[in-house]
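Encoded as structure tokens, the structure appears first; notes follow it.
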There are 2 protein chains.
Amino acid sequence: MTGLNATHDPAHRSWVSSANAPGGDFPLQNLPFAIFRRAGSGESFRGGVAIGDQVLDLGALHALAPFAGLAAEALAACAAPALNAFMAQGHEAASALRAALSAALRTGSTLEPGLRGLLVPQAAAEYQVPADVGDFTDFYSSIHHATAVGRLFRPDNPLLPNYKWVPIAYHGRASSVRVSGEDFVRPRGQVMPAGAERPELAATRRLDYELEVGVFVGRANAPGENVPLAQAEGHVFGLCLLNDWSARDLQAWEYQPLGPFLAKNFATTVSPWVVSLEALAPFRAPWVRPAGEPPPLAYLDDATARAAGAIDIQLEAWLASARMRASGVPAQRLSHSTFRDSWWTVAQMLTHHTVNGCNLKAGDLFGTGTQSGPQPSEAGSLLELTAGGRQPLTLASGETRTFLEDGDRVTLRGWCERAGCVRIGFGEAVATVLPAAPP
Amino acid sequence: MTGLNATHDPAHRSWVSSANAPGGDFPLQNLPFAIFRRAGSGESFRGGVAIGDQVLDLGALHALAPFAGLAAEALAACAAPALNAFMAQGHEAASALRAALSAALRTGSTLEPGLRGLLVPQAAAEYQVPADVGDFTDFYSSIHHATAVGRLFRPDNPLLPNYKWVPIAYHGRASSVRVSGEDFVRPRGQVMPAGAERPELAATRRLDYELEVGVFVGRANAPGENVPLAQAEGHVFGLCLLNDWSARDLQAWEYQPLGPFLAKNFATTVSPWVVSLEALAPFRAPWVRPAGEPPPLAYLDDATARAAGAIDIQLEAWLASARMRASGVPAQRLSHSTFRDSWWTVAQMLTHHTVNGCNLKAGDLFGTGTQSGPQPSEAGSLLELTAGGRQPLTLASGETRTFLEDGDRVTLRGWCERAGCVRIGFGEAVATVLPAAPP
């Protein structure tokens, strides 16, 4: 667990004035990392850190050699076109760089004149997936989501007997992880119409979003080495937003017995900004099992987890249809939940993932699974919000939705706030559904 | 479909005399590719091609610049420490290089004097996984395996309704794909003992092998681009052997509803040698659906597939326990099946994988799923051979086995033979089970 330090001090302000605006995602206390370049420039991609509405160019900063020691080593790694090497250095390096950046961007820093020219407006930047994702693992950590979805697929048996014991997960597709802003084509696949004798190939009619947190692995573990719970967070670099787009009709037909495949692997959208675990330290919360629920097995249980294993991240999904955008109707919030309600913590997920000796590499990505809360209004997917497509939602434009239509744009947002702390945000993960390609 | 050419001519012999020995895996007509170096040398890994009991060093060959045009471009890509760039070049480049190598290694080649010094005995080589595997997908293409396993997990419902229509697959773990010869530790994980009220963490007691063919993707497809069946083989580089080690007790407890995870992702073993699709051309066979079975959906069906979509590869799994090796008892063959019995062809797998626009990258790996034949003796896993552990096998040493014990060494072999053709082989994929780490 990362402790509080000067980078969290709410009294500190930045000479980048937009970073001091209340309610912004990227104050001096956040300093999330991304891979970026000036949009349309053809420049090399390199690391950047968000400050207010700007990106500080870490590639250019590295060329100035402003830091020494571990912070300089970390900065050098951030000049690369992917954050894997930086993530691999572990928390000490990230913390040293964060401290150095915090001081450099603080009001009164002597570095201000040299750094002003290294700022790129976020509005003028384009991004890549922050790391070369070696493996993408998607968990299923919201018991509220698992119960609601289980009820639709197995009305008689919504929550399977293993759920409360096993941090359920499956391997997803790394090649189709995309950064916010990259749209995707509605996928086709086999579906089995109700009452039909044979399946058909069709564009999905039940396209959904899933409101998830993404987790980037930092320090690797060797093959055969399991990571104990007390050390698990030492292998986590930071968190982002993740939309695990899902084709529910493909999923229903294909998922037995080996799980989702084409229903999920056409696209997964992540936010460009990775918020370090250190930046999230002020927003830790107790991880609580409701009364009467069994404690987890010993390898997934310790006092530290119980004291502060959870992270209180507010999560939202917003929809703007093509018609809404054309007619100036603002986007509409469909989902709002908190990651604090997760049945499993990030550390438990990582420890479980490695208990069999599975090796994780820096830049590997986890999804937490759809984060739904205990209330029906806190559902993190359309599947839940529309009761499997049986109860359409009415949008502000007068349109109705069971599942996503072509032209729909979904935006995920996330942030942390707490009395006495400066609010920090995750930016957004957005993509628009494009019409299916002709067969 | 790749046609026959001079590289397949059975009359051709090599000046590497071991390549002309009858029954060998690596005659002049094969020329499979690997990534290798001299064992213990600390040299850089680079590409090599097998000829008899030797490896021709393609990194050193590239330095001699013996070829021109496409073959030279392909050879340059083979000097890298992974075959991804070579695989990405597509069939034309691989075919050009294969033709140039075939001529260079043929008896009477003027290149013989220069090439003699570039041979490394296979006995003195060590290997890496042939490509940096971006994503590993495991199919489930043997209906005999699916039926037998389904009977154990779901006696009332062995073959699910989607099986005959959908090339079922799930995403596996890329980070734990290992090359033949890398041993692995028996994994631990959650298991639910029969009749228990809560699961326990234990080393797996039901460790199994799975006899599979591996498929390396060559040319990539773009996100959103589906690959029609007629073009699918143009995206396949070649085939290898693959052992999808499985912990059946972990699998039984974790696999619902999202499929296998820790039961499979601790280790997957591939053979070092990748046999190109071109080398397999003489061993194509009709792909036949048994009478009375439904034809596949149109996107998975064409005349070419029906004429020669299958590949007749003989597959074997051999077991040598620690006691057998210590006492000189030879390894014992447990499984023997043929890939020709697969319900789906490689092209159908690739087309299905991309029908939703999922992008494949050069060096991505498929497993075909355990290849079991219609006879019980043709089962490709211990789960099937021992009826879920209820009918132990007796080994030549007098030991019995339901599942794998510590010290057991499993070797997969594969080869193609046909009247009028030179037999070609896949080498082997071997690994030994090491005891579980202390908790």
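Labeling convention for the structure tokens: chains A, B, ... as they appear, residues from 1 per chain, ligands from 1 in order of appearance.
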Stretch 216-278 of chain A: which residues are strand (DSSP E or B) by DSSP, as JSON, numbers by chain?
{"A": [216, 217, 236, 237, 238, 239, 240, 241, 242, 243, 246, 247, 268, 269, 270, 274, 275, 276]}
Can I get the residues of chain B within 6 Å of chain A, each with the closest pair of atoms and their distance in Å to one decimal, using only C-alpha atoms, sorted chain first then ascending number, as a Markdown table?
| residue | atom | partner | partner_atom | distance |
| --- | --- | --- | --- | --- |
| B:Tyr170 | CA | A:Phe261 | CA | 5.5 |
| B:His171 | CA | A:His171 | CA | 5.2 |
| B:Gly172 | CA | A:His171 | CA | 5.9 |
| B:Pro187 | CA | A:Asn356 | CA | 4.5 |
| B:Arg188 | CA | A:Asn356 | CA | 4.7 |
| B:Gly189 | CA | A:Asn356 | CA | 5.7 |
| B:Leu258 | CA | A:Gly259 | CA | 4.1 |
| B:Gly259 | CA | A:Leu258 | CA | 4.1 |
| B:Phe261 | CA | A:Tyr170 | CA | 5.5 |
| B:Phe266 | CA | A:Cys358 | CA | 4.5 |
| B:Asn356 | CA | A:Pro187 | CA | 4.5 |
| B:Gly357 | CA | A:Phe266 | CA | 5.8 |
| B:Cys358 | CA | A:Phe266 | CA | 4.5 |
Contact residues around A:Arg106 with only C-alpha atoms at 12 Å, ignoring same-chain residues under 2 positions, as a ChimeraX atom specification
/A:6-7,9-17,19-20,27-29,31,51,98-104,108-112,115
Report the distance between atom CA of B:Ala230 and atom CA of A:Val433 in Å, rounded to one decimal place.
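Pair atom CA of B:Ala230 / atom CA of A:Val433 returns 28.4 Å.
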Interatomic distance between atom CA of A:Val275 and atom CA of A:Pro130?
11.2 Å
